[in-house]
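Content type PDB, C-alpha atoms, from the file input_5.pdb:
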```pdb
ATOM      1  CA  MET A 201      99.009  81.762 132.956
ATOM      2  CA  THR A 202      98.526  82.983 136.520
ATOM      3  CA  ALA A 203      98.842  86.429 138.070
ATOM      4  CA  ALA A 204     102.496  85.623 138.841
ATOM      5  CA  THR A 205     103.310  84.259 135.381
ATOM      6  CA  PRO A 206     104.316  86.880 132.801
ATOM      7  CA  ILE A 207     102.555  86.962 129.446
ATOM      8  CA  ARG A 208     105.095  85.782 126.892
ATOM      9  CA  VAL A 209     104.983  88.143 123.896
ATOM     10  CA  ALA A 210     106.375  87.922 120.379
ATOM     11  CA  LEU A 211     106.851  91.313 118.751
ATOM     12  CA  ILE A 212     106.060  91.288 115.031
ATOM     13  CA  GLY A 213     107.622  94.202 113.176
ATOM     14  CA  LEU A 214     110.673  96.014 114.517
ATOM     15  CA  GLY A 215     110.319  99.517 113.129
ATOM     16  CA  LYS A 216     110.356 102.932 114.783
ATOM     17  CA  ILE A 217     107.162 102.549 116.815
ATOM     18  CA  ALA A 218     108.244  99.135 118.107
ATOM     19  CA  ARG A 219     111.653 100.387 119.205
ATOM     20  CA  ASP A 220     110.474 103.731 120.576
ATOM     21  CA  GLN A 221     107.349 102.533 122.406
ATOM     22  CA  HIS A 222     106.639  98.801 122.544
ATOM     23  CA  LEU A 223     110.066  97.604 123.678
ATOM     24  CA  PRO A 224     110.380 100.016 126.625
ATOM     25  CA  ALA A 225     106.715  99.587 127.634
ATOM     26  CA  MET A 226     107.081  95.809 127.847
ATOM     27  CA  ALA A 227     110.432  96.063 129.603
ATOM     28  CA  ALA A 228     108.868  98.243 132.301
ATOM     29  CA  ASP A 229     105.850  96.002 132.944
ATOM     30  CA  PRO A 230     106.525  92.790 134.926
ATOM     31  CA  ARG A 231     103.307  91.283 133.557
ATOM     32  CA  PHE A 232     105.027  90.855 130.172
ATOM     33  CA  ASP A 233     108.062  88.955 128.965
ATOM     34  CA  LEU A 234     109.302  89.620 125.435
ATOM     35  CA  VAL A 235     110.457  86.229 124.173
ATOM     36  CA  ALA A 236     110.881  86.673 120.403
ATOM     37  CA  VAL A 237     110.978  89.154 117.540
ATOM     38  CA  VAL A 238     109.704  88.616 114.013
ATOM     39  CA  SER A 239     111.146  90.917 111.343
ATOM     40  CA  ARG A 240     112.406  90.544 107.808
ATOM     41  CA  HIS A 241     114.845  93.431 108.074
ATOM     42  CA  ALA A 242     116.011  93.815 111.687
ATOM     43  CA  GLU A 243     117.002  91.848 114.776
ATOM     44  CA  GLN A 244     116.845  92.450 118.502
ATOM     45  CA  PRO A 245     120.030  91.362 120.306
ATOM     46  CA  GLY A 246     119.590  88.826 123.053
ATOM     47  CA  LEU A 247     116.329  87.382 121.734
ATOM     48  CA  PRO A 248     115.336  84.678 119.245
ATOM     49  CA  ASN A 249     114.704  86.403 115.902
ATOM     50  CA  PHE A 250     112.542  85.003 113.118
ATOM     51  CA  HIS A 251     111.909  86.149 109.563
ATOM     52  CA  SER A 252     108.208  85.200 109.585
ATOM     53  CA  LEU A 253     105.390  84.300 111.947
ATOM     54  CA  ASP A 254     105.241  80.860 110.363
ATOM     55  CA  ASP A 255     108.920  80.355 111.222
ATOM     56  CA  LEU A 256     108.189  81.319 114.821
ATOM     57  CA  LEU A 257     105.211  78.976 115.077
ATOM     58  CA  ALA A 258     107.188  76.126 113.518
ATOM     59  CA  SER A 259     110.071  76.629 115.963
ATOM     60  CA  GLY A 260     108.103  75.359 118.930
ATOM     61  CA  LEU A 261     109.061  78.379 121.030
ATOM     62  CA  ALA A 262     106.397  78.939 123.679
ATOM     63  CA  PHE A 263     104.586  82.276 123.623
ATOM     64  CA  ASP A 264     101.147  83.546 124.560
ATOM     65  CA  ALA A 265     100.579  86.752 122.602
ATOM     66  CA  VAL A 266     101.795  88.914 119.756
ATOM     67  CA  ALA A 267     102.141  92.659 119.481
ATOM     68  CA  LEU A 268     101.640  93.423 115.803
ATOM     69  CA  CYS A 269     103.611  96.478 114.638
ATOM     70  CA  THR A 270     103.806  95.932 110.885
ATOM     71  CA  PRO A 271     102.328  98.328 108.320
ATOM     72  CA  PRO A 272      98.529  97.998 108.293
ATOM     73  CA  GLN A 273      98.351  96.527 104.802
ATOM     74  CA  VAL A 274      99.706  93.162 106.005
ATOM     75  CA  ARG A 275      98.287  93.018 109.536
ATOM     76  CA  HIS A 276      95.147  91.033 108.782
ATOM     77  CA  GLY A 277      96.838  87.873 107.563
ATOM     78  CA  LEU A 278      99.374  87.871 110.391
ATOM     79  CA  ALA A 279      96.776  88.583 113.078
ATOM     80  CA  ARG A 280      94.452  85.896 111.747
ATOM     81  CA  ARG A 281      97.268  83.349 111.737
ATOM     82  CA  ALA A 282      98.170  84.203 115.334
ATOM     83  CA  LEU A 283      94.562  84.096 116.546
ATOM     84  CA  GLU A 284      93.980  80.733 114.872
ATOM     85  CA  ALA A 285      97.076  79.459 116.696
ATOM     86  CA  GLY A 286      95.475  80.456 120.002
ATOM     87  CA  LYS A 287      97.549  83.590 120.604
ATOM     88  CA  HIS A 288      96.286  86.881 122.019
ATOM     89  CA  VAL A 289      96.824  89.805 119.626
ATOM     90  CA  MET A 290      97.533  93.478 120.185
ATOM     91  CA  LEU A 291      97.074  95.504 116.978
ATOM     92  CA  GLU A 292      98.961  98.757 116.508
ATOM     93  CA  LYS A 293      96.863 101.576 115.141
ATOM     94  CA  PRO A 294      95.229 101.636 112.674
ATOM     95  CA  PRO A 295      94.061  98.083 113.398
ATOM     96  CA  GLY A 296      93.752  97.180 109.728
ATOM     97  CA  ALA A 297      93.610  98.454 106.191
ATOM     98  CA  THR A 298      89.812  98.046 106.095
ATOM     99  CA  LEU A 299      86.894  97.790 108.492
ATOM    100  CA  SER A 300      85.999  94.358 107.117
ATOM    101  CA  GLU A 301      89.437  93.006 108.046
ATOM    102  CA  VAL A 302      89.029  94.066 111.667
ATOM    103  CA  GLU A 303      85.532  92.606 111.880
ATOM    104  CA  ASP A 304      86.866  89.305 110.588
ATOM    105  CA  LEU A 305      89.581  89.316 113.258
ATOM    106  CA  ARG A 306      87.010  90.055 115.956
ATOM    107  CA  GLN A 307      85.018  87.005 114.929
ATOM    108  CA  VAL A 308      88.128  84.794 114.754
ATOM    109  CA  ALA A 309      89.257  85.906 118.225
ATOM    110  CA  GLN A 310      85.824  85.145 119.627
ATOM    111  CA  ALA A 311      85.727  81.724 117.980
ATOM    112  CA  HIS A 312      89.122  80.775 119.418
ATOM    113  CA  GLY A 313      88.583  82.250 122.875
ATOM    114  CA  VAL A 314      91.533  84.637 122.765
ATOM    115  CA  THR A 315      91.956  88.360 123.312
ATOM    116  CA  LEU A 316      92.049  90.884 120.465
ATOM    117  CA  GLN A 317      92.895  94.496 121.292
ATOM    118  CA  THR A 318      92.657  97.412 118.889
ATOM    119  CA  THR A 319      94.951 100.049 120.337
ATOM    120  CA  TRP A 320      94.435 103.802 120.230
ATOM    121  CA  HIS A 321      97.475 105.029 122.110
ATOM    122  CA  SER A 322      96.485 108.709 122.106
ATOM    123  CA  ARG A 323      93.443 107.897 124.248
ATOM    124  CA  HIS A 324      95.913 107.017 127.003
ATOM    125  CA  ALA A 325      97.506 110.480 126.929
ATOM    126  CA  PRO A 326      97.354 111.876 130.474
ATOM    127  CA  ALA A 327      94.932 114.765 129.871
ATOM    128  CA  VAL A 328      92.365 112.853 127.807
ATOM    129  CA  ALA A 329      90.375 111.375 130.705
ATOM    130  CA  PRO A 330      90.325 114.692 132.622
ATOM    131  CA  ALA A 331      89.112 116.442 129.457
ATOM    132  CA  ARG A 332      86.306 113.908 129.017
ATOM    133  CA  ASP A 333      85.280 114.345 132.639
ATOM    134  CA  TRP A 334      85.323 118.157 132.406
ATOM    135  CA  LEU A 335      83.165 118.146 129.262
ATOM    136  CA  ALA A 336      80.537 115.900 130.845
ATOM    137  CA  GLY A 337      77.420 117.991 131.455
ATOM    138  CA  LYS A 338      78.750 121.032 129.550
ATOM    139  CA  THR A 339      76.896 122.495 126.562
ATOM    140  CA  ILE A 340      79.250 122.247 123.589
ATOM    141  CA  THR A 341      78.865 124.812 120.815
ATOM    142  CA  ALA A 342      81.802 123.996 118.504
ATOM    143  CA  ALA A 343      84.994 121.959 118.290
ATOM    144  CA  ARG A 344      88.164 122.296 116.225
ATOM    145  CA  ILE A 345      90.969 119.806 115.609
ATOM    146  CA  LEU A 346      94.371 120.986 114.360
ATOM    147  CA  TRP A 347      96.791 118.094 113.830
ATOM    148  CA  LYS A 348      99.952 119.034 111.926
ATOM    149  CA  GLU A 349     103.295 117.262 111.908
ATOM    150  CA  ASP A 350     106.310 116.654 109.688
ATOM    151  CA  VAL A 351     106.167 113.281 107.923
ATOM    152  CA  ARG A 352     109.911 113.509 107.275
ATOM    153  CA  VAL A 353     110.536 113.449 111.030
ATOM    154  CA  TRP A 354     107.962 110.883 112.145
ATOM    155  CA  HIS A 355     107.943 108.508 109.145
ATOM    156  CA  PRO A 356     111.348 108.823 107.468
ATOM    157  CA  GLY A 357     111.659 106.549 104.449
ATOM    158  CA  GLN A 358     108.389 104.742 105.193
ATOM    159  CA  ASP A 359     106.922 104.484 101.715
ATOM    160  CA  TRP A 360     104.140 102.168 102.914
ATOM    161  CA  ILE A 361     102.359 105.156 104.432
ATOM    162  CA  TRP A 362     101.691 106.546 100.945
ATOM    163  CA  GLU A 363     100.330 103.296  99.526
ATOM    164  CA  PRO A 364      96.630 102.308  99.618
ATOM    165  CA  GLY A 365      95.858 101.261 103.171
ATOM    166  CA  GLY A 366      98.746 103.315 104.546
ATOM    167  CA  LEU A 367      96.367 106.266 105.164
ATOM    168  CA  GLY A 368      98.824 109.088 104.455
ATOM    169  CA  VAL A 369      98.109 112.049 106.745
ATOM    170  CA  PHE A 370      95.344 110.062 108.406
ATOM    171  CA  ASP A 371      98.001 107.916 110.075
ATOM    172  CA  PRO A 372      98.580 110.737 112.604
ATOM    173  CA  GLY A 373      95.126 112.238 112.038
ATOM    174  CA  ILE A 374      93.448 109.075 113.282
ATOM    175  CA  ASN A 375      95.081 109.779 116.659
ATOM    176  CA  ALA A 376      93.151 113.047 116.840
ATOM    177  CA  LEU A 377      89.954 111.245 115.896
ATOM    178  CA  SER A 378      90.599 108.625 118.571
ATOM    179  CA  ILE A 379      90.795 111.396 121.185
ATOM    180  CA  ALA A 380      87.779 113.279 119.835
ATOM    181  CA  THR A 381      85.615 110.150 119.874
ATOM    182  CA  ALA A 382      86.705 109.523 123.474
ATOM    183  CA  VAL A 383      86.127 112.995 124.934
ATOM    184  CA  LEU A 384      83.170 114.425 123.002
ATOM    185  CA  PRO A 385      79.889 113.289 124.579
ATOM    186  CA  ARG A 386      77.886 112.619 121.400
ATOM    187  CA  PRO A 387      78.525 110.712 118.163
ATOM    188  CA  PHE A 388      79.530 112.855 115.197
ATOM    189  CA  PHE A 389      79.398 112.289 111.463
ATOM    190  CA  LEU A 390      81.331 113.486 108.436
ATOM    191  CA  THR A 391      79.559 116.001 106.207
ATOM    192  CA  SER A 392      82.374 116.961 103.822
ATOM    193  CA  ALA A 393      86.083 116.373 103.229
ATOM    194  CA  THR A 394      88.839 117.615 100.959
ATOM    195  CA  LEU A 395      91.835 115.318 100.549
ATOM    196  CA  HIS A 396      95.057 116.786  99.128
ATOM    197  CA  VAL A 397      96.927 113.978  97.355
ATOM    198  CA  PRO A 398     100.438 114.578  95.941
ATOM    199  CA  GLU A 399     100.625 113.929  92.227
ATOM    200  CA  ASN A 400     103.277 111.246  92.821
ATOM    201  CA  ARG A 401     101.549 109.480  95.752
ATOM    202  CA  GLN A 402      98.335 107.561  96.386
ATOM    203  CA  SER A 403      97.367 108.799  99.867
ATOM    204  CA  PRO A 404      96.659 112.327 101.105
ATOM    205  CA  ILE A 405      99.306 114.617 102.514
ATOM    206  CA  ALA A 406      96.681 116.972 103.990
ATOM    207  CA  ALA A 407      92.958 116.910 104.677
ATOM    208  CA  ASP A 408      90.193 119.297 105.725
ATOM    209  CA  LEU A 409      87.156 117.663 107.331
ATOM    210  CA  ALA A 410      83.780 118.885 108.523
ATOM    211  CA  PHE A 411      81.603 116.937 110.958
ATOM    212  CA  VAL A 412      78.346 117.497 112.793
ATOM    213  CA  ASP A 413      77.247 115.748 115.967
ATOM    214  CA  THR A 414      73.777 114.479 116.841
ATOM    215  CA  ALA A 415      72.886 117.861 118.381
ATOM    216  CA  GLY A 416      73.931 119.759 115.256
ATOM    217  CA  VAL A 417      77.247 121.030 116.689
ATOM    218  CA  ALA A 418      79.912 121.676 114.052
ATOM    219  CA  ILE A 419      83.313 120.002 114.399
ATOM    220  CA  SER A 420      86.178 120.784 112.031
ATOM    221  CA  ALA A 421      89.500 119.023 111.543
ATOM    222  CA  THR A 422      92.628 120.079 109.673
ATOM    223  CA  PHE A 423      95.388 117.526 109.125
ATOM    224  CA  ASP A 424      98.746 118.389 107.554
ATOM    225  CA  PHE A 425     101.842 116.217 107.017
ATOM    226  CA  LEU A 426     104.203 119.066 106.032
ATOM    227  CA  GLN A 427     104.392 121.050 109.272
ATOM    228  CA  THR A 428     107.913 122.280 110.048
ATOM    229  CA  GLY A 429     109.153 123.695 113.322
ATOM    230  CA  PRO A 430     106.878 123.145 116.332
ATOM    231  CA  GLN A 431     104.328 120.404 115.735
ATOM    232  CA  SER A 432     100.594 121.012 116.337
ATOM    233  CA  TRP A 433      98.468 118.358 118.029
ATOM    234  CA  ASP A 434      95.569 120.367 119.428
ATOM    235  CA  ILE A 435      91.827 120.015 120.036
ATOM    236  CA  GLU A 436      89.676 122.979 121.105
ATOM    237  CA  VAL A 437      86.097 122.755 122.365
ATOM    238  CA  ASP A 438      83.846 125.776 122.952
ATOM    239  CA  THR A 439      81.416 125.247 125.852
ATOM    240  CA  ASP A 440      79.128 127.188 128.157
ATOM    241  CA  GLY A 441      81.759 126.639 130.852
ATOM    242  CA  GLY A 442      84.666 128.041 128.874
ATOM    243  CA  LEU A 443      87.174 127.030 126.214
ATOM    244  CA  LEU A 444      88.759 123.614 126.620
ATOM    245  CA  ARG A 445      92.036 122.988 124.835
ATOM    246  CA  LEU A 446      93.932 119.720 124.664
ATOM    247  CA  SER A 447      97.484 120.289 123.445
ATOM    248  CA  HIS A 448     100.625 118.250 122.823
ATOM    249  CA  GLY A 449      98.610 115.282 121.609
ATOM    250  CA  GLY A 450      96.470 115.102 124.724
ATOM    251  CA  SER A 451      99.228 115.606 127.290
ATOM    252  CA  ARG A 452      98.103 119.028 128.502
ATOM    253  CA  LEU A 453      94.650 120.352 129.374
ATOM    254  CA  TRP A 454      93.868 124.061 129.321
ATOM    255  CA  ILE A 455      90.661 125.802 130.430
ATOM    256  CA  ASP A 456      90.274 129.396 129.262
ATOM    257  CA  GLY A 457      94.026 129.645 128.730
ATOM    258  CA  ALA A 458      95.001 128.236 132.136
ATOM    259  CA  LEU A 459      96.932 124.969 132.308
ATOM    260  CA  VAL A 460      94.970 122.700 134.656
ATOM    261  CA  HIS A 461      96.423 119.249 133.968
ATOM    262  CA  GLU A 462      99.818 118.020 132.797
ATOM    263  CA  GLN A 463     101.604 114.739 133.392
ATOM    264  CA  PRO A 464     104.441 112.851 131.685
ATOM    265  CA  GLU A 465     103.460 110.838 128.621
ATOM    266  CA  ALA A 466     102.662 107.197 129.392
ATOM    267  CA  GLU A 467     100.511 106.081 126.480
ATOM    268  CA  TYR A 468     102.067 102.715 125.719
ATOM    269  CA  PRO A 469     102.368 101.608 129.342
ATOM    270  CA  GLY A 470      98.622 102.286 129.454
ATOM    271  CA  LEU A 471      98.050 100.133 126.384
ATOM    272  CA  TYR A 472      99.967  97.224 127.852
ATOM    273  CA  ALA A 473      98.199  97.552 131.193
ATOM    274  CA  ARG A 474      94.904  97.338 129.322
ATOM    275  CA  PHE A 475      96.133  94.322 127.310
ATOM    276  CA  ALA A 476      97.037  92.470 130.517
ATOM    277  CA  GLU A 477      93.628  93.231 132.022
ATOM    278  CA  LEU A 478      91.788  91.992 128.933
ATOM    279  CA  ILE A 479      93.771  88.752 128.844
ATOM    280  CA  ALA A 480      93.164  88.167 132.549
ATOM    281  CA  ARG A 481      89.410  88.603 132.067
ATOM    282  CA  GLY A 482      89.246  86.645 128.819
ATOM    283  CA  GLU A 483      87.863  89.650 126.921
ATOM    284  CA  SER A 484      88.558  91.610 123.751
ATOM    285  CA  ASP A 485      88.423  95.332 123.021
ATOM    286  CA  VAL A 486      87.670  96.003 119.354
ATOM    287  CA  ASP A 487      86.782  99.637 118.622
ATOM    288  CA  VAL A 488      86.898 100.811 115.005
ATOM    289  CA  THR A 489      85.210 104.197 115.487
ATOM    290  CA  PRO A 490      88.271 106.286 114.529
ATOM    291  CA  LEU A 491      88.947 104.079 111.493
ATOM    292  CA  ARG A 492      85.314 104.384 110.441
ATOM    293  CA  HIS A 493      85.666 108.175 110.303
ATOM    294  CA  VAL A 494      88.743 107.806 108.091
ATOM    295  CA  ALA A 495      86.901 105.381 105.817
ATOM    296  CA  ASP A 496      84.072 107.926 105.546
ATOM    297  CA  ALA A 497      86.582 110.593 104.524
ATOM    298  CA  PHE A 498      87.961 108.416 101.738
ATOM    299  CA  LEU A 499      84.413 107.551 100.623
ATOM    300  CA  LEU A 500      82.987 111.069 100.729
ATOM    301  CA  GLY A 501      86.081 113.204 100.264
ATOM    302  CA  ARG A 502      86.853 115.366  97.265
ATOM    303  CA  ARG A 503      90.376 114.613  96.043
ATOM    304  CA  VAL A 504      92.572 117.548  95.027
ATOM    305  CA  VAL A 505      95.933 117.095  93.327
ATOM    306  CA  ALA A 506      98.781 118.511  95.409
ATOM    307  CA  PRO A 507     102.412 119.131  94.402
ATOM    308  CA  ALA A 508     104.666 116.081  94.257
ATOM    309  CA  PHE A 509     106.090 115.010  97.596
ATOM    310  CA  VAL A 510     109.843 114.458  97.703
ATOM    311  CA  GLU A 511     111.374 113.311 100.957
TER     312      GLU A 511
END
```
Write the structure described by the file as structure tokens, please.
Amino acid sequence: MTAATPIRVALIGLGKIARDQHLPAMAADPRFDLVAVVSRHAEQPGLPNFHSLDDLLASGLAFDAVALCTPPQVRHGLARRALEAGKHVMLEKPPGATLSEVEDLRQVAQAHGVTLQTTWHSRHAPAVAPARDWLAGKTITAARILWKEDVRVWHPGQDWIWEPGGLGVFDPGINALSIATAVLPRPFFLTSATLHVPENRQSPIAADLAFVDTAGVAISATFDFLQTGPQSWDIEVDTDGGLLRLSHGGSRLWIDGALVHEQPEAEYPGLYARFAELIARGESDVDVTPLRHVADAFLLGRRVVAPAFVE
């Protein structure tokens, strides 16, 4: 590939996130050319469609990279197969069902000289970088995360999210953790967690988390999958320079109640721009920090039985 040659991408998994975000992001970026789709249940008109990655590889169709948008429980095997075939891999979030899976993929990518990207789309929200810059040098005294949305709206009929590895409410909650780990200046660690698990499901529908950073500052997080009406995707940070608030999933930045930064959402174009840069430089970007916090919550958390969830 050269700077003038588009990166030929095969999209694996054609669900809501692929249709809503990946397809338009690739279509808008001349550095990428979507050449195939792999899905067991759907097809994209005008493109070669395959039922499996093995079918695609056996077809002889030329491609350079895959964007992997399947549920996390099956990502490892597909990503490993693609990396071993010499293909660059973009992993939707969360990058895997376990930390060990992602570490294995990192090693495989390195061994085969291809790019592996773990994507945290919320870090590309327009107000995240300005928030990080504003917090630099401030004395932080507390932080609060409130991340509440309606699973029936954002994951209709997606039973995989309730299975082991599907993460339940941590599927959106990990977006908040990806922002917090990007904007807060010091590492933080889980001290306690309560996970509310419906009696008819295997993953939590709500969670309350407590963290402390290396300076002893308390950070709390509340995740809820049953929010109706307006959705809440907010992070507040108390500092000696005022109250910082990131709202709308990182799209708007407020200081002491005044809106100081707002731009249109462009998270997935940012992810693809980053993917192109990594491929051009022959590098990978494998960050599991947000997933590590979720793993800590499952390890340390106290599980409480919640009422049955019926969609």
Could I get the residues of range 213-265 of chain A with an atom no further than 12 Å from an atom of range 465-476 of chain A, each paired with its nearest atom pair and that distance in Å to one decimal, using only C-alpha atoms, sorted by chain and residue number, as JSON lines?
```
{"residue": "A:Ile217", "atom": "CA", "partner": "A:Tyr468", "partner_atom": "CA", "distance": 10.3}
{"residue": "A:Ala218", "atom": "CA", "partner": "A:Tyr468", "partner_atom": "CA", "distance": 10.4}
{"residue": "A:Arg219", "atom": "CA", "partner": "A:Tyr468", "partner_atom": "CA", "distance": 11.8}
{"residue": "A:Asp220", "atom": "CA", "partner": "A:Tyr468", "partner_atom": "CA", "distance": 9.9}
{"residue": "A:Gln221", "atom": "CA", "partner": "A:Tyr468", "partner_atom": "CA", "distance": 6.2}
{"residue": "A:His222", "atom": "CA", "partner": "A:Tyr468", "partner_atom": "CA", "distance": 6.8}
{"residue": "A:Leu223", "atom": "CA", "partner": "A:Tyr468", "partner_atom": "CA", "distance": 9.7}
{"residue": "A:Pro224", "atom": "CA", "partner": "A:Pro469", "partner_atom": "CA", "distance": 8.6}
{"residue": "A:Ala225", "atom": "CA", "partner": "A:Pro469", "partner_atom": "CA", "distance": 5.1}
{"residue": "A:Met226", "atom": "CA", "partner": "A:Tyr472", "partner_atom": "CA", "distance": 7.3}
{"residue": "A:Ala227", "atom": "CA", "partner": "A:Pro469", "partner_atom": "CA", "distance": 9.8}
{"residue": "A:Ala228", "atom": "CA", "partner": "A:Pro469", "partner_atom": "CA", "distance": 7.9}
{"residue": "A:Asp229", "atom": "CA", "partner": "A:Pro469", "partner_atom": "CA", "distance": 7.5}
{"residue": "A:Pro230", "atom": "CA", "partner": "A:Ala473", "partner_atom": "CA", "distance": 10.3}
{"residue": "A:Arg231", "atom": "CA", "partner": "A:Ala476", "partner_atom": "CA", "distance": 7.1}
{"residue": "A:Phe232", "atom": "CA", "partner": "A:Ala476", "partner_atom": "CA", "distance": 8.2}
{"residue": "A:Asp233", "atom": "CA", "partner": "A:Tyr472", "partner_atom": "CA", "distance": 11.6}
{"residue": "A:Asp264", "atom": "CA", "partner": "A:Ala476", "partner_atom": "CA", "distance": 11.5}
{"residue": "A:Ala265", "atom": "CA", "partner": "A:Phe475", "partner_atom": "CA", "distance": 10.0}
```
Would you write out those residues with C-alpha atoms, as an mmCIF file, in the frame of the given file?
```cif
data_model
loop_
_atom_site.group_PDB
_atom_site.id
_atom_site.type_symbol
_atom_site.label_atom_id
_atom_site.label_comp_id
_atom_site.auth_asym_id
_atom_site.auth_seq_id
_atom_site.Cartn_x
_atom_site.Cartn_y
_atom_site.Cartn_z
ATOM 1 C CA ILE A 217 107.162 102.549 116.815
ATOM 2 C CA ALA A 218 108.244 99.135 118.107
ATOM 3 C CA ARG A 219 111.653 100.387 119.205
ATOM 4 C CA ASP A 220 110.474 103.731 120.576
ATOM 5 C CA GLN A 221 107.349 102.533 122.406
ATOM 6 C CA HIS A 222 106.639 98.801 122.544
ATOM 7 C CA LEU A 223 110.066 97.604 123.678
ATOM 8 C CA PRO A 224 110.380 100.016 126.625
ATOM 9 C CA ALA A 225 106.715 99.587 127.634
ATOM 10 C CA MET A 226 107.081 95.809 127.847
ATOM 11 C CA ALA A 227 110.432 96.063 129.603
ATOM 12 C CA ALA A 228 108.868 98.243 132.301
ATOM 13 C CA ASP A 229 105.850 96.002 132.944
ATOM 14 C CA PRO A 230 106.525 92.790 134.926
ATOM 15 C CA ARG A 231 103.307 91.283 133.557
ATOM 16 C CA PHE A 232 105.027 90.855 130.172
ATOM 17 C CA ASP A 233 108.062 88.955 128.965
ATOM 18 C CA ASP A 264 101.147 83.546 124.560
ATOM 19 C CA ALA A 265 100.579 86.752 122.602
#
```
Let me know the residues the PyMOL selection byres ((chain A and resi 482-498) around 9) catches in the file above, as a CSV table (one decimal) with C-alpha atoms, keeping the file's coordinate frame.
```
chain,number,residue,atom,x,y,z
A,294,PRO,CA,95.2,101.6,112.7
A,295,PRO,CA,94.1,98.1,113.4
A,296,GLY,CA,93.8,97.2,109.7
A,298,THR,CA,89.8,98.0,106.1
A,299,LEU,CA,86.9,97.8,108.5
A,302,VAL,CA,89.0,94.1,111.7
A,303,GLU,CA,85.5,92.6,111.9
A,306,ARG,CA,87.0,90.1,116.0
A,309,ALA,CA,89.3,85.9,118.2
A,310,GLN,CA,85.8,85.1,119.6
A,313,GLY,CA,88.6,82.2,122.9
A,314,VAL,CA,91.5,84.6,122.8
A,315,THR,CA,92.0,88.4,123.3
A,316,LEU,CA,92.0,90.9,120.5
A,317,GLN,CA,92.9,94.5,121.3
A,318,THR,CA,92.7,97.4,118.9
A,319,THR,CA,95.0,100.0,120.3
A,320,TRP,CA,94.4,103.8,120.2
A,367,LEU,CA,96.4,106.3,105.2
A,370,PHE,CA,95.3,110.1,108.4
A,373,GLY,CA,95.1,112.2,112.0
A,374,ILE,CA,93.4,109.1,113.3
A,375,ASN,CA,95.1,109.8,116.7
A,376,ALA,CA,93.2,113.0,116.8
A,377,LEU,CA,90.0,111.2,115.9
A,378,SER,CA,90.6,108.6,118.6
A,379,ILE,CA,90.8,111.4,121.2
A,380,ALA,CA,87.8,113.3,119.8
A,381,THR,CA,85.6,110.2,119.9
A,389,PHE,CA,79.4,112.3,111.5
A,390,LEU,CA,81.3,113.5,108.4
A,392,SER,CA,82.4,117.0,103.8
A,393,ALA,CA,86.1,116.4,103.2
A,394,THR,CA,88.8,117.6,101.0
A,395,LEU,CA,91.8,115.3,100.5
A,407,ALA,CA,93.0,116.9,104.7
A,409,LEU,CA,87.2,117.7,107.3
A,475,PHE,CA,96.1,94.3,127.3
A,477,GLU,CA,93.6,93.2,132.0
A,478,LEU,CA,91.8,92.0,128.9
A,479,ILE,CA,93.8,88.8,128.8
A,480,ALA,CA,93.2,88.2,132.5
A,481,ARG,CA,89.4,88.6,132.1
A,499,LEU,CA,84.4,107.6,100.6
A,500,LEU,CA,83.0,111.1,100.7
A,501,GLY,CA,86.1,113.2,100.3
A,502,ARG,CA,86.9,115.4,97.3
A,503,ARG,CA,90.4,114.6,96.0
```
#### Entry: Closest of A:Leu283, A:Val417, A:Leu234, A:Val510 to Pro356 in chain A - atom-to-atom distances counting only C-alpha atoms
A:Val510
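Excluding His461 in chain A and any residue on its chain fewer than 4 positions from it, the residues at most 8 Å away by all atoms listed in the file are Ala327, Pro330, Arg452, Leu453 and Trp454 of chain A.
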### Task
List the residues matched by the PyMOL selection byres ((chain A and resi 285) around 12) in the displayed structure as a PyMOL selection string, ordered by chain and then by residue number.
chain A and resi 253-254+256-258+260+262-266+278-284+286-289+308-309+311-314
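Among A:Asp371, A:Glu436, A:Lys216, A:Ala410, the residue with the shortest atom-to-atom distance to Asp456 in chain A, counting all atoms listed in the file, is A:Glu436.
Reported to one decimal place, the separation of CA of Ile361 in chain A from CA of Leu305 in chain A is 22.2 Å.
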### Message
With distances taken over only C-alpha atoms, which residue among A:Pro507, A:Trp354, A:Val209, A:Ile435 lies nearest Leu247 in chain A?
### Response
A:Val209
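Nearest to Ala329 in chain A of all the residues A:Phe411, A:Leu384, A:His396, A:Gly442 is A:Leu384, based on all atoms listed in the file.
Relative to CA of Leu346 in chain A, CA of Thr422 in chain A is found at 5.1 Å.
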### Query
With distances taken over only C-alpha atoms, which of A:Gly337, A:Pro364, A:Ile207, A:Gly449 is nearest to His324 in chain A?
A:Gly449
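The two atoms in question, CA of Arg386 in chain A and CA of Gly457 in chain A, are spaced 24.6 Å apart.
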### Query
For this file, the PyMOL selection byres ((chain A and resi 235-245) around 7) selects which residues, as a PyMOL selection string?
chain A and resi 208-214+233-234+246-253
### Query
Which polymer residues, protein or nucleic acid, are no farther than 6 Å from (87.0, 111.0, 126.3), counting only C-alpha atoms, as a PyMOL selection string?
chain A and resi 328-329+332+382-383
### Contacts of Asp434 in chain A within 9 Å, only C-alpha atoms, excl. fewer than 6 positions in-chain, as an MDAnalysis selection string
chainID A and resid 344:348 376 445:450
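Using only C-alpha atoms, the smallest distance between any of A:Glu462, A:Asp424, A:Glu363, A:Glu399 and Ala331 in chain A comes from A:Glu462.
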Which neighbours of Leu426 in chain A fall inside 8 Å, counting only C-alpha atoms, when residues of the same chain fewer than 3 positions from it are skipped, and could you give them as a compact mmCIF listing (two decimals) with C-alpha atoms, in the coordinates of the input?
```txt
# COMPACT_ATOMS: atom_id res chain seq x y z
CA LYS A 348 99.95 119.03 111.93
CA GLU A 349 103.30 117.26 111.91
CA ASP A 350 106.31 116.65 109.69
CA VAL A 351 106.17 113.28 107.92
CA ILE A 405 99.31 114.62 102.51
```
